[in-house]
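For reference, query04.cif is printed below; it contains mmCIF, C-alpha atoms.
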```cif
data_upload
loop_
_atom_site.group_PDB
_atom_site.id
_atom_site.type_symbol
_atom_site.label_atom_id
_atom_site.label_comp_id
_atom_site.auth_asym_id
_atom_site.auth_seq_id
_atom_site.Cartn_x
_atom_site.Cartn_y
_atom_site.Cartn_z
ATOM 1 C CA MET A 2 108.081 76.832 111.925
ATOM 2 C CA ALA A 3 109.244 74.095 114.267
ATOM 3 C CA ALA A 4 106.568 71.749 112.890
ATOM 4 C CA LEU A 5 107.522 72.592 109.307
ATOM 5 C CA GLY A 6 111.174 71.985 110.119
ATOM 6 C CA ARG A 7 110.383 68.454 111.301
ATOM 7 C CA GLU A 8 108.639 67.588 108.029
ATOM 8 C CA SER A 9 110.602 66.326 105.075
ATOM 9 C CA GLY A 10 110.611 68.965 102.368
ATOM 10 C CA GLY A 11 109.132 71.642 104.625
ATOM 11 C CA SER A 12 109.433 75.220 103.414
ATOM 12 C CA PHE A 13 107.398 78.421 103.469
ATOM 13 C CA ILE A 14 106.583 81.616 101.628
ATOM 14 C CA VAL A 15 106.558 84.933 103.472
ATOM 15 C CA VAL A 16 103.839 87.318 102.290
ATOM 16 C CA PRO A 17 104.519 91.051 102.026
ATOM 17 C CA ASP A 18 102.864 92.896 104.885
ATOM 18 C CA VAL A 19 103.748 95.203 107.757
ATOM 19 C CA PHE A 20 104.281 92.365 110.248
ATOM 20 C CA THR A 21 106.746 90.439 108.110
ATOM 21 C CA SER A 22 108.575 93.560 106.952
ATOM 22 C CA THR A 23 109.119 94.714 110.536
ATOM 23 C CA ASN A 24 110.188 91.268 111.745
ATOM 24 C CA VAL A 25 112.839 90.405 109.178
ATOM 25 C CA ASP A 26 115.516 89.276 111.642
ATOM 26 C CA PRO A 27 113.280 86.967 113.728
ATOM 27 C CA LEU A 28 111.731 85.382 110.611
ATOM 28 C CA VAL A 29 115.082 84.742 108.925
ATOM 29 C CA ALA A 30 116.642 83.482 112.184
ATOM 30 C CA SER A 31 113.741 81.125 112.854
ATOM 31 C CA ALA A 32 113.894 79.708 109.330
ATOM 32 C CA ALA A 33 117.643 79.092 109.746
ATOM 33 C CA ARG A 34 117.208 77.566 113.210
ATOM 34 C CA HIS A 35 114.658 75.073 111.876
ATOM 35 C CA GLY A 36 116.501 74.394 108.600
ATOM 36 C CA LEU A 37 113.679 75.755 106.449
ATOM 37 C CA PRO A 38 114.105 77.162 102.967
ATOM 38 C CA ALA A 39 111.900 80.207 102.480
ATOM 39 C CA LEU A 40 110.868 82.576 99.717
ATOM 40 C CA TYR A 41 110.636 86.204 100.806
ATOM 41 C CA PRO A 42 108.950 89.200 99.149
ATOM 42 C CA PHE A 43 111.763 91.787 99.335
ATOM 43 C CA PRO A 44 115.543 91.752 98.752
ATOM 44 C CA PHE A 45 116.351 92.905 102.279
ATOM 45 C CA PHE A 46 115.234 89.479 103.544
ATOM 46 C CA ALA A 47 117.830 87.680 101.408
ATOM 47 C CA ARG A 48 120.460 90.247 102.329
ATOM 48 C CA GLN A 49 119.726 89.500 106.004
ATOM 49 C CA GLY A 50 120.274 85.767 105.465
ATOM 50 C CA GLY A 51 117.068 84.541 103.843
ATOM 51 C CA LEU A 52 117.395 82.003 101.033
ATOM 52 C CA VAL A 53 115.556 83.657 98.133
ATOM 53 C CA SER A 54 113.586 86.821 97.604
ATOM 54 C CA TYR A 55 111.415 87.581 94.615
ATOM 55 C CA GLY A 56 109.152 90.580 94.429
ATOM 56 C CA ILE A 57 108.584 94.079 93.237
ATOM 57 C CA ASP A 58 111.527 96.424 92.869
ATOM 58 C CA LEU A 59 110.680 98.933 95.593
ATOM 59 C CA THR A 60 113.123 101.551 94.300
ATOM 60 C CA ASP A 61 111.482 101.496 90.876
ATOM 61 C CA LEU A 62 108.013 101.641 92.445
ATOM 62 C CA PHE A 63 108.902 104.656 94.598
ATOM 63 C CA ARG A 64 110.567 106.382 91.655
ATOM 64 C CA ARG A 65 107.457 105.925 89.540
ATOM 65 C CA SER A 66 105.198 107.167 92.348
ATOM 66 C CA ALA A 67 107.216 110.397 92.502
ATOM 67 C CA SER A 68 106.030 111.271 88.993
ATOM 68 C CA TYR A 69 102.433 110.857 90.184
ATOM 69 C CA VAL A 70 103.046 113.191 93.125
ATOM 70 C CA ASP A 71 104.536 115.712 90.707
ATOM 71 C CA ARG A 72 101.522 115.500 88.403
ATOM 72 C CA ILE A 73 99.117 115.932 91.333
ATOM 73 C CA LEU A 74 101.047 118.947 92.614
ATOM 74 C CA ARG A 75 100.806 120.446 89.111
ATOM 75 C CA GLY A 76 97.028 120.151 89.190
ATOM 76 C CA THR A 77 96.091 116.721 87.816
ATOM 77 C CA LYS A 78 93.203 115.187 89.702
ATOM 78 C CA PRO A 79 94.274 111.899 91.307
ATOM 79 C CA GLY A 80 91.178 110.201 89.897
ATOM 80 C CA ASP A 81 92.333 111.103 86.382
ATOM 81 C CA LEU A 82 95.608 109.200 86.753
ATOM 82 C CA PRO A 83 95.684 105.594 85.549
ATOM 83 C CA VAL A 84 96.340 102.808 88.019
ATOM 84 C CA GLN A 85 99.877 101.494 87.636
ATOM 85 C CA THR A 86 100.972 98.003 88.461
ATOM 86 C CA PRO A 87 104.532 96.974 89.256
ATOM 87 C CA ASN A 88 106.433 96.000 86.149
ATOM 88 C CA LYS A 89 109.926 95.446 87.513
ATOM 89 C CA PHE A 90 110.726 92.542 89.820
ATOM 90 C CA GLU A 91 113.911 91.451 91.588
ATOM 91 C CA LEU A 92 115.272 87.984 92.249
ATOM 92 C CA VAL A 93 117.940 87.745 94.964
ATOM 93 C CA ILE A 94 119.553 84.430 95.923
ATOM 94 C CA ASN A 95 121.685 83.923 99.011
ATOM 95 C CA LEU A 96 124.182 81.147 98.270
ATOM 96 C CA LYS A 97 125.575 81.209 101.823
ATOM 97 C CA THR A 98 122.130 80.281 103.109
ATOM 98 C CA ALA A 99 121.646 77.665 100.394
ATOM 99 C CA LYS A 100 124.925 76.029 101.425
ATOM 100 C CA ALA A 101 123.942 76.103 105.117
ATOM 101 C CA LEU A 102 120.652 74.376 104.213
ATOM 102 C CA GLY A 103 122.430 71.812 102.023
ATOM 103 C CA LEU A 104 120.727 73.051 98.874
ATOM 104 C CA GLU A 105 122.152 73.447 95.403
ATOM 105 C CA ILE A 106 120.739 76.236 93.270
ATOM 106 C CA ALA A 107 120.427 75.474 89.569
ATOM 107 C CA PRO A 108 122.887 77.435 87.403
ATOM 108 C CA THR A 109 120.049 78.601 85.162
ATOM 109 C CA LEU A 110 118.283 80.156 88.167
ATOM 110 C CA LEU A 111 121.517 81.796 89.331
ATOM 111 C CA ALA A 112 121.982 83.263 85.835
ATOM 112 C CA ARG A 113 118.531 84.870 86.015
ATOM 113 C CA ALA A 114 119.075 86.390 89.462
ATOM 114 C CA ASP A 115 119.455 90.151 89.767
ATOM 115 C CA GLU A 116 121.757 89.632 92.743
ATOM 116 C CA VAL A 117 123.608 86.598 94.084
ATOM 117 C CA ILE A 118 124.960 86.789 97.615
ATOM 118 C CA GLU A 119 128.079 84.643 97.991
#
```
Spit out the file's structure as structure tokens when you get a sec.
Amino acid sequence: MAALGRESGGSFIVVPDVFTSTNVDPLVASAARHGLPALYPFPFFARQGGLVSYGIDLTDLFRRSASYVDRILRGTKPGDLPVQTPNKFELVINLKTAKALGLEIAPTLLARADEVIE
């Protein structure tokens, strides 16, 4: 991150995995320390100080998976259930972080956001 921070226009995208999800605070703090804008996969990153998060709505995904558990418990074979893909996504923008980075977020993007942290 230090090398990215020294480059003009440096930024990064955090991929969703166990490592990044369990290291939210260090990732967000390091990005801030090096003045790097970053795109994160889950809203809790933006709520912890990350610039922008865009990814699947975990609450919706868990809610939908509960219906599958119910169907399996009622006797449906798991192999008979169709594969579902996420169909609801969340965009969260942290304006405090944008200001700290000296960035201006376009009003059209702010209007599309599911949550704006001021």
Would you mind telling me which residue in A:Val53, A:Leu37, A:Leu62, A:Leu82 lies nearest to Met2 (chain A) when using only C-alpha atoms?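 Using only C-alpha atoms, Met2 (chain A) sits closest to A:Leu37.
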Using only C-alpha atoms, which of the listed residues (A:Val117, A:Val84, A:Leu59, A:Ala33) sits closest to Gly103 (chain A)? A:Ala33
What lies within 12 Å of Ile106 (chain A) using only C-alpha atoms, ignoring chain neighbours under 6 positions off, as a PyMOL selection string? chain A and resi 38+52-53+93-100+112-114+117
Between CA of Gln49 (chain A) and CA of Ser66 (chain A), what is the distance, to one decimal in Å?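 So the two atoms, CA of Gln49 (chain A) and CA of Ser66 (chain A), lie 26.6 Å apart.
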Show me the residues close to (112.4, 91.2, 93.1) - anything with an atom within 12 Å, counting all atoms listed in the file - and format the list as a PyMOL selection string. chain A and resi 17+40-47+53-62+87-94+113-116
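Across the structure, CA of Ala39 (chain A) and CA of Leu102 (chain A) are spaced 10.7 Å apart.
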Grab the CA of Gly6 (chain A) to CA of Gly36 (chain A) distance for me, in Å with one decimal place.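 We find that CA of Gly6 (chain A) and CA of Gly36 (chain A) lie 6.0 Å from each other.
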